[in-house]
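S.K.: Quick one: the structure is below, questions incoming.
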Amino acid sequence: MNERQKHIRNFSIIAHIDHGKSTLADRILEATQTLTKREMEEQVLDNMDLERERGITIKARAVKLDYTAPDGDQYVLNLIDTPGHVDFNYEVSRSLNACEGALLVVDATQGIEAQTLANAYLAVDANLEIVPVINKIDLPSADIQRCRDEIEDIIGIEAQECPAVSAKTGLNIDDVLKAVVDLIPAPDGDEDAPLKALLFDSYYDSYLGVVVYVKIIDGSMKVGDKIKMMSAGQVYDVVDIGTMEPFGLKSTGELKAGEVGYFTASIKSVGDTRIGDTITHVDKPTSEALPGFKAAQPMVYAGIYPADGSRYGDLRDALEKLQLNDAALSFEPETSNALGFGFRCGFLGLLHMEIIEERLEREFNLDLITTAPSVIYKVTKRNGEEVMVDNPSNYPTPDEIEAAYEPLVKASIITPTEYVGGLMDLCQDRRGIFIDMKYIDTTRVELHYKLPLNEIIYDFFDALKSRSRGYASLDYELAEYNKSDLVKLDFLLNGEQVDALSFIVHEEKAYARARRIAEKLKENIPRQLFEVPIQAAIGSKIIARETVKAMRKDVLAKCYGGDITRKKKLLEKQKEGKKKMRQLGSVQVSPEAFMAVLKLDDND
Amino acid sequence: MIDNNFKNEKAPRNLGLYIHIPFCRTKCLYCDFCSFVSRDEQQREAYIGALLREIEARGTKDYSVDTVYFGGGTPSLLSAEQIGRILDEIKESFNVSPDAEITLECNPMTVSDGDEYFKELRALGVNRLSLGVQSAVDEELKLIGRRHSFEDAKETFWAARGAGFENISVDLMLGIPSQTLDSLRASANQVINLAAEHISIYSLQLEEGTPLFRMRERYSLADDDAAADMYELVVKMMKDAGYRHYEISNFARGGRESKHNSKYWRLDEYLGLGLAAHSDFGGKRLENTRDMDRYLGGEWLQAESDISNSEREFEFLMLGFRTADGISKSEFLARFGVDFDEKYGKKVEKFKKLGYFCEKGDALALTERGFEVSNAILTEILDFDY
């Protein structure tokens, strides 16, 4: 290995949400003088507003830092940020593959959480050197020793000597940088070998086109090179190449083995770049491609409609723009008789869905109606056909179905022991299959369950938090499809089916859910000029029923003398309110009421 | 431009006059009308002076004034002499028809020497009184800030009768805090026992900016169902007592429907004089200033707007459907050149099936049930893009 490579360290920071990953990243930027305190905007790496607000990183980001070690040696540190949430596991692993090591941040007051473990295992799978960093030691409830013991017992890596810091106050940050240099290996790789580069991220920039993030494994790459994406097959000319500095891209003309950086090559859409793909030269290709990753598959689907039907085109444009930078987001047009024109969208998980909704509303100023989220069901029909169903409207009728299958996830829950009973009841209630239970120490337990994904997307996370006073943490991964007694539950208002309200549910749960939603509809549908029967049905069988009584009073019984304008204004105001209403068959419902019915709460 | 009196091209056009008297002894807790607690006689005199100037300035002999309505505020705070001066100026500036309906709004207890006062009013030509009774339950009267008991209201009523008033209207209020169906039944019975010619029932409306609105959390106010129960109860009691429910809020017997208020519902012309008074005159809607200083300075008009044909059409339906007689389709065609059924028939049909409209030959009207939800129906059928 040459001197240049010996002074490169490529690393990620991984952590459970809220354990201080972004704050630590800020301090590292500060400590390397990459940014002075005054220049620094809080949490530079998370540069989407939404990320900053939620304190999570949605898309991977990378930045190059210059570090002078205490012995005077100059190092290049490439910090590759990763998302912390279970929905984005896939993005975590692709970023980790560009690194030789990872800092595993653990909150000294909380200890190991479900996502700490999940992320640590991803790092182990990627053969990374894991350096634990115990954070938040300034807090009175910090228990550093317990944390060290836990890391050794559970993850099995040495932690007695690991840095213990406060990212908030900056205490002991130098220990972290020293550990990065001392413990994380330099990238090996032969800079004279044919080019082999890992494509680990990309984003769309309206001026530059697609910007591709790469790590050069072997060889080198420079402006003007004719390159080939080995799995996608396309060939491009490198237009610009360089490194990611804290304030933006910096052209260097060339990247060599062990280095992390970006290039542009007039690529039109992120869809043309496959994360995990291997990049090589057209002239002198590498003989062996990297193993590559499986593409991220949406697990959760929902219909998204503009509250104002005339903004359908705006919604389509907005989704297209978001998709430029988020290949995991899928959408296709769908029509609902209740909600009009909209899109069936696929998401990695519930958080991903919430983030997309929020970005649509905030960045594109759209009011949305979102239907209840659904998973993908597999149905084998009596005629031998097998169909995948991501929209309840397309669910076959009961007499067509031979067998139905639903996705299960393997869930890991870490919780203080006192909440174990309640959480086991919860998992039981959500049709969970117990796998095992492990004591982390005397006070905390790790539970493993197989759970139907459609139970998890139905407010499981909120229930978990409320039954553990916020202490339990959850991680899950898709496991398998299981045969299940599923039914499609439909709702009828005034005898007309409202397609947007239909959903698939396990037979055992159907009655309770039907009753609850019928009650919610009754609470939220304004009284109309006629009585509105609400019915919940499986096929043609009515299983729950409510009635919204007819409106009885809506009259101006007051004398305003000759002041006609007041009467007129009152009616006009009322008419304005009605314009926002959605017509569900013969029934008028406000978008808010519709959302209230779909909103899942703890009592459901 | 619409000819408001298209039916009688030859005869002189009729006109109603509304005279606003914006003074009250105290302000009721629910009131958001333009009224002031009267401070002194001097201020009232100044106002009357300004009012007389406005009457003189806007006077016209082109019309036959067939109704005069003193509203407020509390017009009965004025002395008979003051009322007399106003009426004299009106007769000076307008042609007042000899059989004009002349109404004065009156609150119990504001009449110091009731018998004498009412006799003087009669002598001046006032022939109709509208008396704010509101409730026969004293506790309810206190809660809405009325400063009289039901006993006071009865005394005032009989004093007016004794002075020869043969056309008296009584106001009754629904939805007062603490009011129940039983207490309302008691109030309605008491009011019926007065045997007034005309009864108005109003629902208490919580208007922003009123003290009662601020206090709303403290009281349990009737919800829509309870309010509907109350309305239905009163409607039935009034009908059983021989009153005709001729408008959403109004009942009359013996042909004593309010001629003045009927002008509002039929889009007939009226001129509003005084602070904050509204007019529908010469094809325009006019609004007087609400600023007392400006008014006293002789600047009465604040806004005027032309009413387009289609807006008239909107108003015609909005107001016409407040009455039991409803609208006449042939009159609609004659006024607006629009075939009612062609434009609205389909929507109306739907509500007819639900029992909200009834049709008698040329006339289309809301039913009793239709009255109760008339806002919801009007927002469905009217054309708001006028």
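If you're wondering about the labels, chains in the structure tokens are A, B, ... by order shown, residues count from 1 in each chain, ligands from 1 in order shown.
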Show me, as a ChimeraX atom specification, the residues that have an atom within 7 Å of region 104-107 of chain B when counting only C-alpha atoms, minus same-chain residues fewer than 5 positions from it.
M.R.: /B:69-71,74-76,128-132
S.K.: Put those residues in a file: N, CA and C atoms, as a PDB file, in the first residue's frame.
M.R.:
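Okay, part_6.pdb is ready:
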```pdb
ATOM      1  N   TYR B  69     -91.143  51.814   9.984  1.00  0.00           N
ATOM      2  CA  TYR B  69     -90.756  50.891  11.054  1.00  0.00           C
ATOM      3  C   TYR B  69     -89.643  51.522  11.889  1.00  0.00           C
ATOM      4  N   PHE B  70     -89.938  51.784  13.156  1.00  0.00           N
ATOM      5  CA  PHE B  70     -88.909  52.285  14.066  1.00  0.00           C
ATOM      6  C   PHE B  70     -88.231  51.085  14.730  1.00  0.00           C
ATOM      7  N   GLY B  71     -86.950  50.864  14.364  1.00  0.00           N
ATOM      8  CA  GLY B  71     -86.233  49.718  14.937  1.00  0.00           C
ATOM      9  C   GLY B  71     -85.015  50.176  15.703  1.00  0.00           C
ATOM     10  N   THR B  74     -83.535  50.708  20.999  1.00  0.00           N
ATOM     11  CA  THR B  74     -84.813  50.722  21.685  1.00  0.00           C
ATOM     12  C   THR B  74     -85.529  52.025  21.365  1.00  0.00           C
ATOM     13  N   PRO B  75     -86.338  52.032  20.298  1.00  0.00           N
ATOM     14  CA  PRO B  75     -87.022  53.273  19.909  1.00  0.00           C
ATOM     15  C   PRO B  75     -87.895  53.828  21.031  1.00  0.00           C
ATOM     16  N   SER B  76     -88.402  52.951  21.889  1.00  0.00           N
ATOM     17  CA  SER B  76     -89.300  53.442  22.939  1.00  0.00           C
ATOM     18  C   SER B  76     -88.545  54.219  24.016  1.00  0.00           C
ATOM     19  N   ARG B 128     -98.727  49.937  15.363  1.00  0.00           N
ATOM     20  CA  ARG B 128     -98.263  48.569  15.601  1.00  0.00           C
ATOM     21  C   ARG B 128     -97.070  48.642  16.546  1.00  0.00           C
ATOM     22  N   LEU B 129     -97.034  47.713  17.519  1.00  0.00           N
ATOM     23  CA  LEU B 129     -95.904  47.657  18.444  1.00  0.00           C
ATOM     24  C   LEU B 129     -95.247  46.295  18.334  1.00  0.00           C
ATOM     25  N   SER B 130     -93.916  46.305  18.489  1.00  0.00           N
ATOM     26  CA  SER B 130     -93.202  45.037  18.541  1.00  0.00           C
ATOM     27  C   SER B 130     -92.502  44.991  19.886  1.00  0.00           C
ATOM     28  N   LEU B 131     -92.915  44.050  20.709  1.00  0.00           N
ATOM     29  CA  LEU B 131     -92.505  44.059  22.112  1.00  0.00           C
ATOM     30  C   LEU B 131     -91.512  42.924  22.387  1.00  0.00           C
ATOM     31  N   GLY B 132     -90.342  43.272  22.908  1.00  0.00           N
ATOM     32  CA  GLY B 132     -89.303  42.273  23.192  1.00  0.00           C
ATOM     33  C   GLY B 132     -89.536  41.565  24.502  1.00  0.00           C
TER      34      GLY B 132
END
```
S.K.: For chain A, which residues have at least one atom within 12 Å of chain B, if we go by only C-alpha atoms? Write them as a compact mmCIF listing (two decimals) with all heavy atoms, in the first residue's frame, please.
M.R.:
```txt
# COMPACT_ATOMS: atom_id res chain seq x y z
N PRO A 526 -70.44 14.71 8.57
CA PRO A 526 -71.40 15.72 9.00
C PRO A 526 -72.82 15.28 8.65
O PRO A 526 -73.02 14.55 7.68
CB PRO A 526 -70.99 16.97 8.22
CG PRO A 526 -70.22 16.47 7.05
CD PRO A 526 -69.60 15.17 7.45
N ARG A 527 -73.77 15.71 9.44
CA ARG A 527 -75.16 15.33 9.16
C ARG A 527 -75.58 15.92 7.83
O ARG A 527 -75.30 17.06 7.52
CB ARG A 527 -76.05 15.80 10.31
CG ARG A 527 -75.75 15.01 11.57
CD ARG A 527 -76.36 15.63 12.79
NE ARG A 527 -77.80 15.41 12.82
CZ ARG A 527 -78.53 15.61 13.92
NH1 ARG A 527 -77.96 16.04 15.03
NH2 ARG A 527 -79.82 15.39 13.89
N GLN A 528 -76.22 15.11 7.03
CA GLN A 528 -76.64 15.52 5.69
C GLN A 528 -78.13 15.83 5.72
O GLN A 528 -78.78 15.71 6.75
CB GLN A 528 -76.37 14.39 4.69
CG GLN A 528 -75.03 13.71 4.85
CD GLN A 528 -73.91 14.39 4.08
OE1 GLN A 528 -74.08 14.81 2.94
NE2 GLN A 528 -72.74 14.52 4.70
N LEU A 529 -78.66 16.18 4.58
CA LEU A 529 -80.08 16.48 4.51
C LEU A 529 -80.94 15.21 4.50
O LEU A 529 -82.15 15.27 4.41
CB LEU A 529 -80.39 17.34 3.28
CG LEU A 529 -79.99 18.81 3.47
CD1 LEU A 529 -79.86 19.54 2.15
CD2 LEU A 529 -81.02 19.52 4.36
N PHE A 530 -80.28 14.08 4.58
CA PHE A 530 -81.01 12.81 4.65
C PHE A 530 -80.22 11.89 5.57
O PHE A 530 -79.05 12.14 5.87
CB PHE A 530 -81.13 12.18 3.25
CG PHE A 530 -79.85 12.25 2.48
CD1 PHE A 530 -78.89 11.25 2.62
CD2 PHE A 530 -79.56 13.33 1.65
CE1 PHE A 530 -77.70 11.33 1.93
CE2 PHE A 530 -78.37 13.41 0.96
CZ PHE A 530 -77.43 12.40 1.11
N GLU A 531 -80.88 10.84 6.03
CA GLU A 531 -80.22 9.89 6.91
C GLU A 531 -79.20 9.08 6.12
O GLU A 531 -79.47 8.68 4.99
CB GLU A 531 -81.29 8.97 7.50
CG GLU A 531 -80.79 8.07 8.58
CD GLU A 531 -81.95 7.31 9.19
OE1 GLU A 531 -82.67 7.90 10.02
OE2 GLU A 531 -82.15 6.13 8.83
N LYS A 549 -77.71 10.47 11.54
CA LYS A 549 -79.07 11.00 11.44
C LYS A 549 -79.11 12.21 10.52
O LYS A 549 -78.11 12.90 10.34
CB LYS A 549 -79.59 11.38 12.83
CG LYS A 549 -79.95 10.15 13.67
CD LYS A 549 -80.66 10.55 14.94
CE LYS A 549 -79.72 11.28 15.88
NZ LYS A 549 -80.36 11.77 17.09
N ALA A 550 -80.28 12.45 9.97
CA ALA A 550 -80.42 13.61 9.07
C ALA A 550 -80.26 14.89 9.87
O ALA A 550 -80.59 14.96 11.05
CB ALA A 550 -81.78 13.58 8.39
N MET A 551 -79.71 15.88 9.21
CA MET A 551 -79.58 17.20 9.81
C MET A 551 -80.96 17.73 10.17
O MET A 551 -81.92 17.53 9.43
CB MET A 551 -78.93 18.10 8.75
CG MET A 551 -78.85 19.54 9.08
SD MET A 551 -78.52 20.48 7.58
CE MET A 551 -77.04 19.70 7.01
N ARG A 552 -81.06 18.38 11.31
CA ARG A 552 -82.37 18.91 11.68
C ARG A 552 -82.41 20.41 11.74
O ARG A 552 -83.46 21.03 11.72
CB ARG A 552 -82.80 18.33 13.02
CG ARG A 552 -83.21 16.87 12.94
CD ARG A 552 -83.71 16.37 14.27
NE ARG A 552 -84.83 17.14 14.75
CZ ARG A 552 -85.18 17.17 16.04
NH1 ARG A 552 -84.48 16.51 16.94
NH2 ARG A 552 -86.21 17.89 16.43
N LYS A 553 -81.24 21.01 11.92
CA LYS A 553 -81.31 22.45 12.07
C LYS A 553 -80.15 23.14 11.39
O LYS A 553 -78.99 22.89 11.67
CB LYS A 553 -81.30 22.81 13.56
CG LYS A 553 -81.56 24.29 13.78
CD LYS A 553 -82.14 24.54 15.14
CE LYS A 553 -82.61 25.98 15.28
NZ LYS A 553 -81.57 26.96 15.05
N ASP A 554 -80.45 23.95 10.44
CA ASP A 554 -79.47 24.78 9.77
C ASP A 554 -80.25 25.93 9.16
O ASP A 554 -80.58 25.93 8.00
CB ASP A 554 -78.73 23.98 8.70
CG ASP A 554 -77.63 24.81 8.05
OD1 ASP A 554 -77.35 25.92 8.55
OD2 ASP A 554 -77.07 24.35 7.05
N VAL A 555 -80.56 26.89 10.01
CA VAL A 555 -81.45 27.94 9.57
C VAL A 555 -81.06 29.23 10.27
O VAL A 555 -80.59 29.23 11.39
CB VAL A 555 -82.92 27.59 9.88
CG1 VAL A 555 -83.13 27.32 11.35
CG2 VAL A 555 -83.88 28.67 9.41
N LEU A 556 -81.25 30.32 9.55
CA LEU A 556 -80.98 31.61 10.16
C LEU A 556 -82.30 32.18 10.67
O LEU A 556 -83.04 32.80 9.92
CB LEU A 556 -80.35 32.53 9.13
CG LEU A 556 -79.84 33.83 9.74
CD1 LEU A 556 -78.67 33.57 10.66
CD2 LEU A 556 -79.45 34.79 8.65
N ALA A 557 -82.58 31.92 11.94
CA ALA A 557 -83.83 32.42 12.50
C ALA A 557 -83.52 33.67 13.30
O ALA A 557 -83.58 33.70 14.50
CB ALA A 557 -84.48 31.35 13.38
N LYS A 558 -83.08 34.68 12.56
CA LYS A 558 -82.77 35.91 13.24
C LYS A 558 -83.08 37.04 12.29
O LYS A 558 -82.89 36.93 11.10
CB LYS A 558 -81.30 35.95 13.62
CG LYS A 558 -80.92 37.21 14.35
CD LYS A 558 -79.48 37.20 14.80
CE LYS A 558 -79.18 38.54 15.46
NZ LYS A 558 -77.84 38.65 15.97
N CYS A 559 -83.56 38.13 12.86
CA CYS A 559 -83.91 39.25 12.02
C CYS A 559 -82.75 40.22 11.95
O CYS A 559 -82.28 40.70 12.96
CB CYS A 559 -85.13 39.95 12.61
SG CYS A 559 -85.63 41.34 11.62
N TYR A 560 -82.27 40.45 10.76
CA TYR A 560 -81.22 41.46 10.60
C TYR A 560 -81.81 42.72 9.98
O TYR A 560 -81.13 43.45 9.31
CB TYR A 560 -80.10 40.94 9.69
CG TYR A 560 -79.22 39.92 10.35
CD1 TYR A 560 -79.10 38.64 9.85
CD2 TYR A 560 -78.47 40.26 11.47
CE1 TYR A 560 -78.28 37.70 10.44
CE2 TYR A 560 -77.63 39.34 12.07
CZ TYR A 560 -77.54 38.07 11.56
OH TYR A 560 -76.73 37.16 12.14
N GLY A 561 -83.09 42.93 10.20
CA GLY A 561 -83.71 44.09 9.59
C GLY A 561 -83.57 43.99 8.09
O GLY A 561 -83.68 42.93 7.50
N GLY A 562 -83.27 45.11 7.46
CA GLY A 562 -83.14 45.09 6.00
C GLY A 562 -81.75 44.73 5.54
O GLY A 562 -81.42 44.89 4.39
N ASP A 563 -80.92 44.23 6.46
CA ASP A 563 -79.53 43.94 6.10
C ASP A 563 -79.43 42.58 5.42
O ASP A 563 -79.11 41.58 6.03
CB ASP A 563 -78.66 43.99 7.36
CG ASP A 563 -77.19 43.85 7.02
OD1 ASP A 563 -76.86 43.69 5.82
OD2 ASP A 563 -76.38 43.91 7.94
N ILE A 564 -79.72 42.57 4.12
CA ILE A 564 -79.72 41.34 3.34
C ILE A 564 -78.31 40.79 3.20
O ILE A 564 -78.08 39.60 3.13
CB ILE A 564 -80.27 41.63 1.91
CG1 ILE A 564 -81.67 42.21 1.99
CG2 ILE A 564 -80.25 40.38 1.04
CD1 ILE A 564 -82.65 41.34 2.70
N THR A 565 -77.31 41.72 3.15
CA THR A 565 -75.94 41.29 2.87
C THR A 565 -75.43 40.31 3.92
O THR A 565 -74.65 39.42 3.61
CB THR A 565 -74.99 42.51 2.81
OG1 THR A 565 -75.19 43.28 3.99
CG2 THR A 565 -75.26 43.34 1.60
N ARG A 566 -75.89 40.46 5.14
CA ARG A 566 -75.43 39.52 6.17
C ARG A 566 -75.91 38.11 5.90
O ARG A 566 -75.18 37.15 6.08
CB ARG A 566 -75.90 39.98 7.55
CG ARG A 566 -74.92 40.92 8.19
CD ARG A 566 -75.40 41.32 9.54
NE ARG A 566 -74.85 40.46 10.57
CZ ARG A 566 -74.70 40.86 11.82
NH1 ARG A 566 -75.05 42.07 12.19
NH2 ARG A 566 -74.21 40.04 12.73
N LYS A 567 -77.16 38.02 5.48
CA LYS A 567 -77.70 36.70 5.14
C LYS A 567 -76.93 36.11 3.98
O LYS A 567 -76.59 34.93 3.96
CB LYS A 567 -79.18 36.82 4.75
CG LYS A 567 -80.10 37.19 5.88
CD LYS A 567 -81.55 36.99 5.44
CE LYS A 567 -82.55 37.29 6.55
NZ LYS A 567 -82.89 38.70 6.72
N LYS A 568 -76.65 36.97 3.00
CA LYS A 568 -75.94 36.49 1.81
C LYS A 568 -74.54 36.01 2.16
O LYS A 568 -74.10 34.96 1.72
CB LYS A 568 -75.86 37.63 0.78
CG LYS A 568 -76.84 37.47 -0.35
CD LYS A 568 -76.51 38.30 -1.56
CE LYS A 568 -76.61 39.78 -1.33
NZ LYS A 568 -76.76 40.56 -2.55
N LYS A 569 -73.86 36.81 2.96
CA LYS A 569 -72.48 36.44 3.33
C LYS A 569 -72.45 35.12 4.08
O LYS A 569 -71.56 34.30 3.90
CB LYS A 569 -71.86 37.54 4.19
CG LYS A 569 -71.25 38.64 3.34
CD LYS A 569 -70.60 39.71 4.19
CE LYS A 569 -70.35 40.95 3.34
NZ LYS A 569 -70.55 42.18 4.12
N LEU A 570 -73.45 34.94 4.94
CA LEU A 570 -73.50 33.70 5.71
C LEU A 570 -73.64 32.49 4.79
O LEU A 570 -72.95 31.49 4.92
CB LEU A 570 -74.69 33.77 6.66
CG LEU A 570 -74.68 32.77 7.78
CD1 LEU A 570 -74.37 33.47 9.08
CD2 LEU A 570 -76.00 32.03 7.87
N LEU A 571 -74.54 32.62 3.81
CA LEU A 571 -74.73 31.52 2.86
C LEU A 571 -73.49 31.31 2.02
O LEU A 571 -73.10 30.17 1.73
CB LEU A 571 -75.92 31.80 1.94
CG LEU A 571 -77.32 31.59 2.51
CD1 LEU A 571 -78.36 31.84 1.44
CD2 LEU A 571 -77.48 30.19 3.08
N GLU A 572 -72.85 32.41 1.62
CA GLU A 572 -71.66 32.29 0.78
C GLU A 572 -70.54 31.57 1.52
O GLU A 572 -69.83 30.74 0.97
CB GLU A 572 -71.20 33.67 0.30
CG GLU A 572 -71.90 34.08 -0.98
CD GLU A 572 -71.87 35.57 -1.25
OE1 GLU A 572 -71.11 36.29 -0.58
OE2 GLU A 572 -72.63 36.01 -2.14
N LYS A 573 -70.41 31.90 2.81
CA LYS A 573 -69.38 31.25 3.62
C LYS A 573 -69.65 29.75 3.69
O LYS A 573 -68.76 28.92 3.58
CB LYS A 573 -69.40 31.87 5.03
CG LYS A 573 -68.04 31.88 5.68
CD LYS A 573 -68.07 32.70 6.95
CE LYS A 573 -67.44 31.90 8.08
NZ LYS A 573 -67.75 32.46 9.39
N GLN A 574 -70.93 29.44 3.90
CA GLN A 574 -71.31 28.04 3.99
C GLN A 574 -71.04 27.31 2.67
O GLN A 574 -70.58 26.18 2.66
CB GLN A 574 -72.80 27.97 4.34
CG GLN A 574 -73.23 26.65 4.91
CD GLN A 574 -74.58 26.77 5.61
OE1 GLN A 574 -74.97 27.83 6.08
NE2 GLN A 574 -75.30 25.68 5.68
N LYS A 575 -71.30 28.01 1.57
CA LYS A 575 -71.07 27.42 0.25
C LYS A 575 -69.58 27.16 0.04
O LYS A 575 -69.19 26.11 -0.49
CB LYS A 575 -71.60 28.37 -0.83
CG LYS A 575 -71.42 27.85 -2.25
CD LYS A 575 -72.43 26.78 -2.57
CE LYS A 575 -72.26 26.26 -3.98
NZ LYS A 575 -73.20 25.18 -4.26
N GLU A 576 -68.74 28.10 0.45
CA GLU A 576 -67.30 27.94 0.33
C GLU A 576 -66.85 26.66 1.04
O GLU A 576 -66.05 25.89 0.54
CB GLU A 576 -66.56 29.14 0.94
CG GLU A 576 -66.36 30.29 -0.02
CD GLU A 576 -65.80 29.86 -1.36
OE1 GLU A 576 -64.70 29.25 -1.37
OE2 GLU A 576 -66.44 30.10 -2.39
N GLY A 577 -67.39 26.48 2.25
CA GLY A 577 -67.07 25.28 3.03
C GLY A 577 -67.46 24.03 2.26
O GLY A 577 -66.73 23.04 2.24
N LYS A 578 -68.59 24.09 1.59
CA LYS A 578 -69.07 22.90 0.87
C LYS A 578 -68.22 22.57 -0.34
O LYS A 578 -68.11 21.42 -0.73
CB LYS A 578 -70.52 23.11 0.42
CG LYS A 578 -71.50 22.75 1.51
CD LYS A 578 -72.89 22.54 0.98
CE LYS A 578 -73.81 22.15 2.11
NZ LYS A 578 -75.21 22.23 1.73
N LYS A 579 -67.61 23.62 -0.92
CA LYS A 579 -66.80 23.37 -2.12
C LYS A 579 -65.64 22.45 -1.82
O LYS A 579 -65.17 21.73 -2.69
CB LYS A 579 -66.27 24.71 -2.65
CG LYS A 579 -67.21 25.38 -3.62
CD LYS A 579 -66.53 26.57 -4.26
CE LYS A 579 -67.53 27.44 -5.00
NZ LYS A 579 -67.05 28.80 -5.17
N SER A 586 -73.48 9.85 -2.61
CA SER A 586 -74.41 10.96 -2.40
C SER A 586 -74.06 11.73 -1.13
O SER A 586 -74.78 12.63 -0.74
CB SER A 586 -75.83 10.40 -2.31
OG SER A 586 -75.88 9.38 -1.34
N GLN A 588 -71.59 14.03 1.36
CA GLN A 588 -70.49 14.99 1.33
C GLN A 588 -69.63 14.87 2.59
O GLN A 588 -70.16 14.91 3.70
CB GLN A 588 -71.03 16.41 1.22
CG GLN A 588 -71.66 16.67 -0.13
CD GLN A 588 -72.25 18.06 -0.21
OE1 GLN A 588 -72.71 18.60 0.77
NE2 GLN A 588 -72.24 18.62 -1.40
```
S.K.: Closest to Ala596 (chain A) among A:Thr442, A:Asn337, A:Thr370, A:Gln583, using only C-alpha atoms?
M.R.: A:Thr370
S.K.: Quick one: everything within 8 Å of Tyr301 (chain A), counting only C-alpha atoms, minus sequence neighbours fewer than 4 positions away in the same chain. Send it as a PyMOL selection string.
M.R.: chain A and resi 344-347+373-376+390-391
S.K.: Since we have the selection now, will you write its residues out, keeping N, CA, C and O atoms, as a compact mmCIF listing (two decimals), in the first residue's frame?
M.R.:
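Wrote it out as result-v5.txt, contents follow:
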```txt
# COMPACT_ATOMS: atom_id res chain seq x y z
N ARG A 344 -51.23 5.44 -6.75
CA ARG A 344 -50.89 4.39 -5.80
C ARG A 344 -49.38 4.44 -5.65
O ARG A 344 -48.64 4.33 -6.62
N CYS A 345 -48.91 4.70 -4.44
CA CYS A 345 -47.49 4.90 -4.22
C CYS A 345 -46.93 3.78 -3.36
O CYS A 345 -47.60 3.29 -2.45
N GLY A 346 -45.71 3.37 -3.69
CA GLY A 346 -45.03 2.34 -2.90
C GLY A 346 -43.91 2.96 -2.09
O GLY A 346 -43.17 3.81 -2.58
N PHE A 347 -43.80 2.52 -0.83
CA PHE A 347 -42.80 3.08 0.09
C PHE A 347 -42.02 1.96 0.74
O PHE A 347 -42.50 0.83 0.87
N PRO A 373 -52.64 2.68 4.62
CA PRO A 373 -51.55 1.94 3.98
C PRO A 373 -51.86 0.44 3.88
O PRO A 373 -52.57 -0.11 4.71
N SER A 374 -51.33 -0.17 2.85
CA SER A 374 -51.55 -1.59 2.62
C SER A 374 -50.21 -2.26 2.34
O SER A 374 -49.27 -1.61 1.89
N VAL A 375 -50.12 -3.55 2.60
CA VAL A 375 -48.92 -4.29 2.21
C VAL A 375 -49.25 -5.04 0.91
O VAL A 375 -50.35 -4.90 0.39
N ILE A 376 -48.30 -5.81 0.41
CA ILE A 376 -48.57 -6.57 -0.82
C ILE A 376 -49.00 -7.99 -0.42
O ILE A 376 -48.27 -8.70 0.25
N ASP A 390 -51.49 -4.92 -4.27
CA ASP A 390 -51.05 -3.82 -3.40
C ASP A 390 -52.15 -2.80 -3.18
O ASP A 390 -51.96 -1.79 -2.54
N ASN A 391 -53.32 -3.05 -3.77
CA ASN A 391 -54.44 -2.13 -3.64
C ASN A 391 -55.69 -2.94 -3.32
O ASN A 391 -56.07 -3.82 -4.10
```
S.K.: Using only C-alpha atoms, which residues sit within 10 Å of Glu92 (chain B) once same-chain residues fewer than 3 positions away are excluded, as number ranges by chain?
M.R.: B: 55-56, 59-61, 86-89, 95-96
S.K.: Which residues are near Phe251 (chain B)? Cut-off 8 Å, only C-alpha atoms, ignore same chain within fewer than 6 positions. Put them as a list in words.
M.R.: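 Once the nearby chain positions are removed, what remains is His198, Ile199, Ser200, Met238, Tyr243, Arg244, His245 and Glu257 of chain B.
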